[in-house]
$ cat coords10.cif   # mmCIF, C-alpha atoms and all ligand atoms
data_data
#
loop_
_atom_site.label_atom_id
_atom_site.label_comp_id
_atom_site.auth_asym_id
_atom_site.auth_seq_id
_atom_site.Cartn_x
_atom_site.Cartn_y
_atom_site.Cartn_z
CA MET A 1 -150.50 84.23 -142.77
CA ALA A 2 -149.72 81.64 -140.12
CA LEU A 3 -151.02 78.76 -142.21
CA ALA A 4 -148.42 79.45 -144.89
CA ASN A 5 -145.54 78.44 -142.68
CA LYS A 6 -145.08 74.99 -144.11
CA GLU A 7 -142.33 74.18 -141.61
CA ASP A 8 -145.03 74.10 -138.98
CA PHE A 9 -147.20 71.44 -140.50
CA GLY A 10 -145.40 68.62 -138.70
CA LEU A 11 -146.03 66.15 -141.48
CA LEU A 12 -144.05 63.41 -143.08
CA PRO A 13 -140.83 64.32 -144.88
CA THR A 14 -142.39 64.52 -148.30
CA TYR A 15 -142.60 67.53 -150.53
CA PRO A 16 -144.76 69.49 -150.30
CA GLY A 17 -146.66 67.95 -147.39
CA ARG A 18 -149.09 65.12 -147.14
CA TYR A 19 -151.60 63.51 -144.82
CA MET A 20 -152.69 66.65 -142.98
CA ALA A 21 -155.95 64.84 -142.14
CA ARG A 22 -153.92 62.59 -139.85
CA THR A 23 -152.81 65.39 -137.58
CA ILE A 24 -154.91 68.51 -138.21
CA PRO A 25 -158.62 68.28 -137.29
CA GLU A 26 -159.58 71.09 -139.68
CA PHE A 27 -158.20 69.15 -142.66
CA ARG A 28 -160.00 66.02 -141.48
CA GLU A 29 -163.19 68.05 -141.33
CA LEU A 30 -162.62 69.41 -144.85
CA ALA A 31 -161.91 66.01 -146.39
CA PHE A 32 -164.47 63.96 -144.47
CA ASN A 33 -167.36 66.38 -144.01
CA GLY A 34 -166.76 69.12 -146.58
CA PRO A 35 -168.46 69.41 -150.00
CA MET A 36 -165.48 68.39 -152.15
CA ALA A 37 -166.31 64.69 -152.45
CA GLU A 38 -169.91 65.35 -153.43
CA ALA A 39 -168.88 67.97 -156.01
CA ALA A 40 -166.39 65.55 -157.55
CA CYS A 41 -168.86 62.65 -157.56
CA ARG A 42 -171.37 64.79 -159.44
CA VAL A 43 -168.71 65.63 -162.03
CA MET A 44 -167.55 61.98 -162.34
CA LYS A 45 -171.05 60.49 -162.03
CA SER A 46 -169.91 58.33 -159.14
CA LYS A 47 -172.38 57.11 -156.54
CA GLU A 48 -169.80 56.96 -153.76
CA ALA A 49 -166.49 58.45 -152.71
CA HIS A 50 -163.92 56.95 -150.37
CA PHE A 51 -161.12 59.05 -148.91
CA PHE A 52 -157.63 58.42 -150.34
CA PHE A 53 -155.31 61.13 -149.01
CA ASP A 54 -154.67 64.84 -148.87
CA GLU A 55 -151.65 66.84 -149.97
CA MET A 56 -150.52 70.47 -149.64
CA PHE A 57 -148.88 72.62 -152.31
CA ALA A 58 -147.47 75.82 -150.80
CA LYS A 59 -145.38 78.29 -152.80
CA ALA A 60 -143.83 81.28 -151.10
CA PRO A 61 -144.33 84.81 -152.44
CA ARG A 62 -142.20 85.48 -155.56
CA SER A 63 -141.09 81.88 -155.66
CA ALA A 64 -139.62 80.16 -158.70
CA GLU A 65 -140.67 76.75 -157.30
CA LYS A 66 -142.28 75.02 -160.23
CA THR A 67 -144.37 71.88 -160.36
CA ILE A 68 -143.07 69.72 -163.17
CA TRP A 69 -145.44 68.67 -166.00
CA HIS A 70 -146.93 65.35 -164.95
CA THR A 71 -150.03 63.22 -164.67
CA ASP A 72 -151.05 61.79 -161.31
CA ARG A 73 -152.22 58.45 -162.65
CA MET A 74 -149.10 56.36 -162.19
CA GLY A 75 -148.65 57.37 -158.58
CA TRP A 76 -151.87 55.75 -157.52
CA PRO A 77 -151.90 52.03 -156.64
CA VAL A 78 -155.27 51.52 -158.28
CA SER A 79 -157.01 50.73 -161.55
CA GLY A 80 -159.92 52.87 -162.76
CA LYS A 81 -160.26 56.53 -163.65
CA MET A 82 -162.33 57.92 -160.78
CA VAL A 83 -159.38 59.09 -158.75
CA PRO A 84 -159.34 62.85 -159.26
CA SER A 85 -157.11 65.38 -157.59
CA LEU A 86 -159.44 67.88 -155.96
CA TRP A 87 -157.32 71.01 -156.10
CA MET A 88 -158.67 73.73 -153.83
CA PRO A 89 -156.90 77.04 -153.20
CA LEU A 90 -156.62 78.28 -149.63
CA THR A 91 -155.33 81.65 -150.87
CA PRO A 92 -156.52 83.76 -153.81
CA ILE A 93 -155.09 82.35 -157.04
CA THR A 94 -154.30 84.21 -160.25
CA LYS A 95 -153.71 82.80 -163.70
CA ALA A 96 -150.02 83.44 -163.07
CA ASN A 97 -149.75 81.05 -160.10
CA SER A 98 -152.65 78.74 -160.91
CA LEU A 99 -152.34 75.06 -161.54
CA GLU A 100 -152.11 74.78 -165.32
CA CYS A 101 -153.73 71.94 -167.28
CA LEU A 102 -153.29 70.88 -170.88
CA ALA A 103 -156.85 70.56 -172.22
CA GLY A 104 -157.64 67.21 -173.79
CA SER A 105 -154.63 65.39 -172.34
CA HIS A 106 -156.97 63.33 -170.13
CA VAL A 107 -157.80 61.03 -173.07
CA GLN A 108 -154.18 60.02 -173.65
CA ASP A 109 -153.81 56.52 -172.26
CA VAL A 110 -150.06 56.53 -171.59
CA ARG A 111 -148.29 54.87 -168.69
CA TYR A 112 -145.72 57.54 -167.93
CA TRP A 113 -142.77 56.74 -165.71
CA LEU A 114 -143.37 58.66 -162.54
CA PHE A 115 -140.80 60.24 -160.26
CA SER A 116 -142.16 58.95 -156.95
CA PRO A 117 -139.48 58.24 -154.33
CA ASN A 118 -140.17 54.54 -154.93
CA ALA A 119 -139.80 54.85 -158.70
CA ARG A 120 -136.49 56.67 -158.31
CA LYS A 121 -135.08 53.61 -156.58
CA MET A 122 -136.24 51.28 -159.33
CA ILE A 123 -135.13 50.28 -162.76
CA LYS A 124 -137.72 51.60 -165.21
CA PRO A 125 -139.84 48.83 -166.74
CA PRO A 126 -139.41 48.94 -170.54
CA ASP A 127 -143.06 49.81 -171.26
CA ARG A 128 -142.99 53.15 -169.40
CA VAL A 129 -142.20 56.38 -171.19
CA PRO A 130 -141.01 59.63 -169.65
CA HIS A 131 -143.50 62.47 -169.26
CA PRO A 132 -143.68 64.70 -172.36
CA ASN A 133 -142.63 68.34 -172.34
CA PRO A 134 -145.69 70.33 -173.50
CA GLU A 135 -143.85 73.71 -173.36
CA PRO A 136 -143.12 73.88 -177.13
CA LEU A 137 -146.89 73.52 -177.71
CA ARG A 138 -147.44 77.00 -176.25
CA SER A 139 -147.02 78.47 -179.71
CA ASP A 140 -149.42 75.92 -181.23
CA PRO A 141 -152.84 77.56 -181.61
CA SER A 142 -154.62 74.19 -181.36
CA ALA A 143 -153.14 73.47 -177.90
CA ARG A 144 -155.16 74.86 -174.98
CA PHE A 145 -153.26 75.63 -171.80
CA LEU A 146 -155.79 76.28 -169.05
CA THR A 147 -155.22 78.52 -166.03
CA TRP A 148 -157.75 80.17 -163.75
CA ASP A 149 -158.28 83.05 -161.36
CA MET A 150 -159.69 81.36 -158.27
CA GLU A 151 -160.95 82.25 -154.81
CA PRO A 152 -160.22 80.17 -151.72
CA GLY A 153 -162.77 77.36 -151.70
CA ASP A 154 -163.11 77.14 -155.50
CA LEU A 155 -162.36 73.67 -156.83
CA LEU A 156 -160.64 72.03 -159.77
CA VAL A 157 -161.51 68.37 -160.34
CA VAL A 158 -158.43 67.11 -162.15
CA HIS A 159 -158.66 63.83 -164.10
CA PRO A 160 -155.80 61.44 -163.18
CA TRP A 161 -154.59 61.35 -166.80
CA THR A 162 -154.53 65.17 -167.25
CA LEU A 163 -151.09 66.70 -167.79
CA HIS A 164 -150.66 69.52 -165.28
CA TYR A 165 -147.96 71.93 -164.17
CA SER A 166 -147.33 75.11 -162.28
CA GLY A 167 -144.82 77.79 -163.14
CA GLY A 168 -144.16 79.01 -159.61
CA ASN A 169 -145.60 82.01 -157.82
CA PRO A 170 -144.83 85.50 -159.15
CA GLU A 171 -147.40 87.08 -156.77
CA ASP A 172 -146.57 88.93 -153.54
CA ILE A 173 -148.58 86.56 -151.35
CA TRP A 174 -148.33 82.85 -150.61
CA ARG A 175 -149.93 80.50 -153.08
CA ILE A 176 -151.38 77.57 -151.15
CA ALA A 177 -153.64 74.81 -152.36
CA VAL A 178 -154.79 71.56 -150.90
CA SER A 179 -155.24 68.57 -153.19
CA VAL A 180 -157.59 65.94 -151.81
CA ARG A 181 -157.70 62.58 -153.54
CA ILE A 182 -160.75 60.37 -153.42
CA PHE A 183 -161.79 57.04 -154.92
CA GLY A 184 -165.02 56.77 -156.96
CA ASP A 185 -167.00 53.72 -158.02
CA ASP A 186 -164.64 52.26 -160.64
CA ILE A 187 -161.53 52.22 -158.45
CA ARG A 188 -159.91 48.93 -157.39
CA TRP A 189 -156.56 48.30 -155.70
CA ASP A 190 -153.81 47.61 -158.24
CA PRO A 191 -150.52 48.18 -156.41
CA ARG A 192 -147.23 48.60 -158.26
CA PRO A 193 -143.90 49.20 -156.50
CA ASP A 194 -143.40 52.55 -158.27
CA CYS A 195 -146.59 54.04 -156.76
CA VAL A 196 -146.59 56.48 -153.88
CA ASN A 197 -146.00 54.77 -150.60
CA LEU A 198 -149.19 55.67 -148.77
CA ALA A 199 -148.88 56.39 -145.08
CA GLY A 200 -150.44 53.59 -143.11
CA ILE A 201 -151.62 51.41 -145.99
CA SER A 202 -149.19 48.69 -146.99
CA PHE A 203 -149.07 47.14 -150.44
CA ASP A 204 -149.95 43.86 -148.67
CA GLU A 205 -153.39 45.10 -147.75
CA MET A 206 -154.08 46.56 -151.19
CA VAL A 207 -155.60 43.33 -152.44
CA ALA A 208 -155.59 43.64 -156.25
CA GLY A 209 -159.10 43.91 -157.63
CA GLU A 210 -160.74 44.82 -154.30
CA ARG A 211 -162.37 48.17 -153.56
CA PRO A 212 -160.47 50.45 -151.18
CA MET A 213 -162.41 50.81 -147.93
CA GLY A 214 -162.18 50.40 -144.19
CA PRO A 215 -160.97 52.87 -141.56
CA LEU A 216 -158.13 54.21 -143.76
CA CYS A 217 -160.34 54.81 -146.80
CA PRO A 218 -163.71 55.62 -145.26
CA LEU A 219 -166.81 56.47 -147.24
CA VAL A 220 -166.94 60.27 -147.32
CA TRP A 221 -169.99 60.71 -149.56
CA SER A 222 -172.69 58.58 -151.13
CA GLU A 223 -175.66 59.41 -153.28
CA ASP A 224 -177.99 57.83 -150.74
CA GLY A 225 -176.64 59.81 -147.81
CA ARG A 226 -174.32 57.29 -146.18
CA ARG A 227 -171.01 58.47 -144.78
CA GLU A 228 -168.50 56.94 -142.38
CA GLY A 229 -167.02 59.15 -139.73
CA ASP A 230 -163.37 59.67 -138.87
CA ALA A 231 -163.53 57.88 -135.52
CA GLU A 232 -161.35 55.01 -136.70
CA TYR A 233 -159.13 57.08 -138.99
CA PRO A 234 -155.55 57.00 -137.64
CA ARG A 235 -153.98 60.01 -135.96
CA GLY A 236 -150.26 60.66 -136.25
CA PHE A 237 -147.41 58.79 -137.89
CA ALA A 238 -144.73 56.23 -137.12
CA THR A 239 -142.04 58.89 -137.29
CA ARG A 240 -141.48 62.56 -136.48
CA TRP A 241 -140.10 65.08 -138.95
CA THR A 242 -138.23 67.88 -137.30
CA ARG A 243 -137.75 71.35 -138.67
CA GLU A 244 -133.93 71.01 -138.70
CA ARG A 245 -134.06 68.13 -141.16
CA LYS A 246 -136.38 69.95 -143.52
CA SER A 247 -133.74 71.83 -145.48
CA ASP A 248 -134.47 70.82 -149.06
CA ILE A 249 -138.05 69.77 -149.51
CA ASN A 250 -138.67 71.04 -153.02
CA GLU A 251 -137.96 68.00 -155.14
CA TYR A 252 -138.36 69.87 -158.43
CA ASP A 253 -134.64 69.60 -159.23
CA VAL A 254 -134.61 65.90 -158.41
CA PHE A 255 -137.69 65.36 -160.58
CA ALA A 256 -136.24 67.41 -163.44
CA LYS A 257 -132.99 65.47 -163.35
CA SER A 258 -134.73 62.06 -163.33
CA LEU A 259 -136.99 63.18 -166.16
CA GLU A 260 -134.09 64.41 -168.29
CA ALA A 261 -132.24 61.11 -167.73
CA ALA A 262 -135.36 59.14 -168.73
CA ARG A 263 -135.81 61.27 -171.86
CA GLN A 264 -132.19 60.72 -172.88
CA GLU A 265 -132.57 56.99 -172.31
CA ALA A 266 -135.78 56.94 -174.38
CA LYS A 267 -134.00 58.78 -177.20
CA GLN A 268 -131.19 56.25 -177.26
CA ALA A 269 -133.54 53.24 -177.22
O1 LIG B 301 -150.30 72.88 -156.92
C1 LIG B 301 -149.41 72.42 -157.64
O2 LIG B 301 -148.49 73.13 -158.06
C2 LIG B 301 -149.41 70.98 -158.06
C3 LIG B 301 -150.67 70.24 -157.76
C4 LIG B 301 -150.69 68.85 -158.27
O3 LIG B 301 -149.83 68.38 -158.99
C5 LIG B 301 -151.80 67.97 -157.88
O4 LIG B 301 -152.70 68.43 -157.16
O5 LIG B 301 -151.80 66.81 -158.27
FE FE B 302 -150.32 66.35 -159.68
#
$ encode --input "coords10.cif" --output "structure tokens" --more "lines below"
Ligand SMILES: O=C(O)CCC(=O)C(=O)O
Ligand SMILES: [Fe+2]
Amino acid sequence: MALANKEDFGLLPTYPGRYMARTIPEFRELAFNGPMAEAACRVMKSKEAHFFFDEMFAKAPRSAEKTIWHTDRMGWPVSGKMVPSLWMPLTPITKANSLECLAGSHVQDVRYWLFSPNARKMIKPPDRVPHPNPEPLRSDPSARFLTWDMEPGDLLVVHPWTLHYSGGNPEDIWRIAVSVRIFGDDIRWDPRPDCVNLAGISFDEMVAGERPMGPLCPLVWSEDGRREGDAEYPRGFATRWTRERKSDINEYDVFAKSLEAARQEAKQA
């Protein structure tokens, strides 16, 4: 499957790959004109959705590449809860390679210390705790670990506080999903230095308390039928990422190491 060759995406040097809508018209079409935003707004009861960004999670056949247990919340430079990850498979998904969610974790109001590239350069503020390890809960009958068989085009609407994970890909085919992030009605800019460093949107222009909008965060769906096009949405990046430099793009080990260090530090405190 040609699409599965992640070296060919030509994106920024982030794992697994972000901002496809900048360079690939089909992804722009999916995010700006597809049904994902409407579906999510109906789940969240939001009247509007603005585009945030899109991300790709590709796992090769028989790959041990895990996604570490985490919540997405602390990566986003916003306040509010209507910032779901819209996780849509592009290949058939089985329970074995599905995104896995811990049911009920979305009500836990905890500011976990994230492992964004920015956060890894910072000293952890004292009020942040490391992500928990839910693995021991697997033997607890009251804990519900959710996985799904899914077809390409099915959709998970993942709450930003939900703990989620993936154990790799034991199947014989690629496991590819796109995760589109949108902003609903209650979202306001609230930048922190440990958030993801969004391509093209500086912390300076994330005016705290204001709603994200404009050409970089266009309206992609509204209850009353309004929608902004992609005409003013930027194309391309301020850098080029070449295949030769893309030797180690799975940051799982880096994440795992940072997490272990944070857990040790929390234990000692
Ligand atoms: O697909 C994966 O393994 C991870 C997806 C994820 O963490 C997300 O969409 O936020
Ligand atoms: Fe995530």
$ closest_residue --input "coords10.cif" --among "A:Leu30, A:Val180, A:Ala256, A:Leu114" --to "ligand LIG 301 (chain B)" --atoms "all atoms listed in the file"
A:Val180
$ residues_near_ligand --input "coords10.cif" --ligand "ligand FE 302 (chain B)" --cutoff "10 Å" --atoms "only C-alpha atoms and all ligand atoms" --output "MDAnalysis selection string"
chainID A and resid 55 57 67:73 75 84:87 99 158:166 179
$ atom_distance --input "coords10.cif" --atom1 "atom CA of Ser258 of chain A" --atom2 "atom CA of Gly104 of chain A"
25.7 Å
$ closest_residue --input "coords10.cif" --among "A:Arg181, A:Arg111, A:Arg62, A:Arg138" --to "ligand LIG 301 (chain B)" --atoms "all atoms listed in the file"
A:Arg181
$ closest_residue --input "coords10.cif" --among "A:Ala60, A:Ala40, A:Ala231, A:Ala119" --to "Val83 of chain A" --atoms "all atoms listed in the file"
A:Ala40
$ closest_residue --input "coords10.cif" --among "A:Phe183, A:Phe51, A:Trp113, A:Tyr19" --to "Arg227 of chain A" --atoms "only C-alpha atoms"
A:Phe51
$ build_atoms --input "coords10.cif" --residues "segment 200-225 of chain A" --atoms "N, CA and C atoms" --output "PDB file, keeping the file's coordinate frame"
ATOM      1  N   GLY A 200    -149.501  54.436-143.840  1.00  0.00           N
ATOM      2  CA  GLY A 200    -150.440  53.590-143.110  1.00  0.00           C
ATOM      3  C   GLY A 200    -151.098  52.481-143.894  1.00  0.00           C
ATOM      4  N   ILE A 201    -150.990  52.487-145.220  1.00  0.00           N
ATOM      5  CA  ILE A 201    -151.620  51.410-145.990  1.00  0.00           C
ATOM      6  C   ILE A 201    -150.527  50.663-146.749  1.00  0.00           C
ATOM      7  N   SER A 202    -150.271  49.431-146.354  1.00  0.00           N
ATOM      8  CA  SER A 202    -149.190  48.690-146.990  1.00  0.00           C
ATOM      9  C   SER A 202    -149.669  48.078-148.299  1.00  0.00           C
ATOM     10  N   PHE A 203    -148.724  47.816-149.192  1.00  0.00           N
ATOM     11  CA  PHE A 203    -149.070  47.140-150.440  1.00  0.00           C
ATOM     12  C   PHE A 203    -149.751  45.790-150.140  1.00  0.00           C
ATOM     13  N   ASP A 204    -149.352  45.158-149.026  1.00  0.00           N
ATOM     14  CA  ASP A 204    -149.950  43.860-148.670  1.00  0.00           C
ATOM     15  C   ASP A 204    -151.461  43.924-148.531  1.00  0.00           C
ATOM     16  N   GLU A 205    -151.948  45.049-147.972  1.00  0.00           N
ATOM     17  CA  GLU A 205    -153.390  45.100-147.750  1.00  0.00           C
ATOM     18  C   GLU A 205    -154.155  45.712-148.923  1.00  0.00           C
ATOM     19  N   MET A 206    -153.420  46.111-149.964  1.00  0.00           N
ATOM     20  CA  MET A 206    -154.080  46.560-151.190  1.00  0.00           C
ATOM     21  C   MET A 206    -154.314  45.312-152.038  1.00  0.00           C
ATOM     22  N   VAL A 207    -155.372  44.594-151.744  1.00  0.00           N
ATOM     23  CA  VAL A 207    -155.600  43.330-152.440  1.00  0.00           C
ATOM     24  C   VAL A 207    -156.098  43.648-153.860  1.00  0.00           C
ATOM     25  N   ALA A 208    -155.290  43.261-154.855  1.00  0.00           N
ATOM     26  CA  ALA A 208    -155.590  43.640-156.250  1.00  0.00           C
ATOM     27  C   ALA A 208    -157.015  43.240-156.619  1.00  0.00           C
ATOM     28  N   GLY A 209    -157.742  44.171-157.187  1.00  0.00           N
ATOM     29  CA  GLY A 209    -159.100  43.910-157.630  1.00  0.00           C
ATOM     30  C   GLY A 209    -160.168  44.251-156.599  1.00  0.00           C
ATOM     31  N   GLU A 210    -159.754  44.493-155.342  1.00  0.00           N
ATOM     32  CA  GLU A 210    -160.740  44.820-154.300  1.00  0.00           C
ATOM     33  C   GLU A 210    -160.937  46.328-154.207  1.00  0.00           C
ATOM     34  N   ARG A 211    -162.108  46.741-153.739  1.00  0.00           N
ATOM     35  CA  ARG A 211    -162.370  48.170-153.560  1.00  0.00           C
ATOM     36  C   ARG A 211    -161.691  48.691-152.296  1.00  0.00           C
ATOM     37  N   PRO A 212    -161.033  49.842-152.382  1.00  0.00           N
ATOM     38  CA  PRO A 212    -160.470  50.450-151.180  1.00  0.00           C
ATOM     39  C   PRO A 212    -161.581  50.828-150.210  1.00  0.00           C
ATOM     40  N   MET A 213    -161.435  50.428-148.957  1.00  0.00           N
ATOM     41  CA  MET A 213    -162.410  50.810-147.930  1.00  0.00           C
ATOM     42  C   MET A 213    -161.831  50.555-146.552  1.00  0.00           C
ATOM     43  N   GLY A 214    -162.655  50.609-145.548  1.00  0.00           N
ATOM     44  CA  GLY A 214    -162.180  50.400-144.190  1.00  0.00           C
ATOM     45  C   GLY A 214    -161.776  51.721-143.546  1.00  0.00           C
ATOM     46  N   PRO A 215    -161.240  51.649-142.332  1.00  0.00           N
ATOM     47  CA  PRO A 215    -160.970  52.870-141.560  1.00  0.00           C
ATOM     48  C   PRO A 215    -159.994  53.841-142.232  1.00  0.00           C
ATOM     49  N   LEU A 216    -159.101  53.318-143.125  1.00  0.00           N
ATOM     50  CA  LEU A 216    -158.130  54.210-143.760  1.00  0.00           C
ATOM     51  C   LEU A 216    -158.683  54.861-145.022  1.00  0.00           C
ATOM     52  N   CYS A 217    -159.706  54.252-145.590  1.00  0.00           N
ATOM     53  CA  CYS A 217    -160.340  54.810-146.800  1.00  0.00           C
ATOM     54  C   CYS A 217    -161.847  54.871-146.579  1.00  0.00           C
ATOM     55  N   PRO A 218    -162.277  55.637-145.589  1.00  0.00           N
ATOM     56  CA  PRO A 218    -163.710  55.620-145.260  1.00  0.00           C
ATOM     57  C   PRO A 218    -164.567  56.270-146.334  1.00  0.00           C
ATOM     58  N   LEU A 219    -165.830  55.870-146.331  1.00  0.00           N
ATOM     59  CA  LEU A 219    -166.810  56.470-147.240  1.00  0.00           C
ATOM     60  C   LEU A 219    -167.036  57.920-146.799  1.00  0.00           C
ATOM     61  N   VAL A 220    -166.754  58.866-147.703  1.00  0.00           N
ATOM     62  CA  VAL A 220    -166.940  60.270-147.320  1.00  0.00           C
ATOM     63  C   VAL A 220    -168.179  60.893-147.971  1.00  0.00           C
ATOM     64  N   TRP A 221    -168.728  60.227-148.972  1.00  0.00           N
ATOM     65  CA  TRP A 221    -169.990  60.710-149.560  1.00  0.00           C
ATOM     66  C   TRP A 221    -170.646  59.568-150.327  1.00  0.00           C
ATOM     67  N   SER A 222    -171.962  59.489-150.239  1.00  0.00           N
ATOM     68  CA  SER A 222    -172.690  58.580-151.130  1.00  0.00           C
ATOM     69  C   SER A 222    -173.997  59.231-151.526  1.00  0.00           C
ATOM     70  N   GLU A 223    -174.436  58.832-152.717  1.00  0.00           N
ATOM     71  CA  GLU A 223    -175.660  59.410-153.280  1.00  0.00           C
ATOM     72  C   GLU A 223    -176.843  59.229-152.343  1.00  0.00           C
ATOM     73  N   ASP A 224    -176.844  58.088-151.615  1.00  0.00           N
ATOM     74  CA  ASP A 224    -177.990  57.830-150.740  1.00  0.00           C
ATOM     75  C   ASP A 224    -177.744  58.279-149.289  1.00  0.00           C
ATOM     76  N   GLY A 225    -176.790  59.150-149.120  1.00  0.00           N
ATOM     77  CA  GLY A 225    -176.640  59.810-147.810  1.00  0.00           C
ATOM     78  C   GLY A 225    -175.805  59.073-146.773  1.00  0.00           C
TER      79      GLY A 225
END
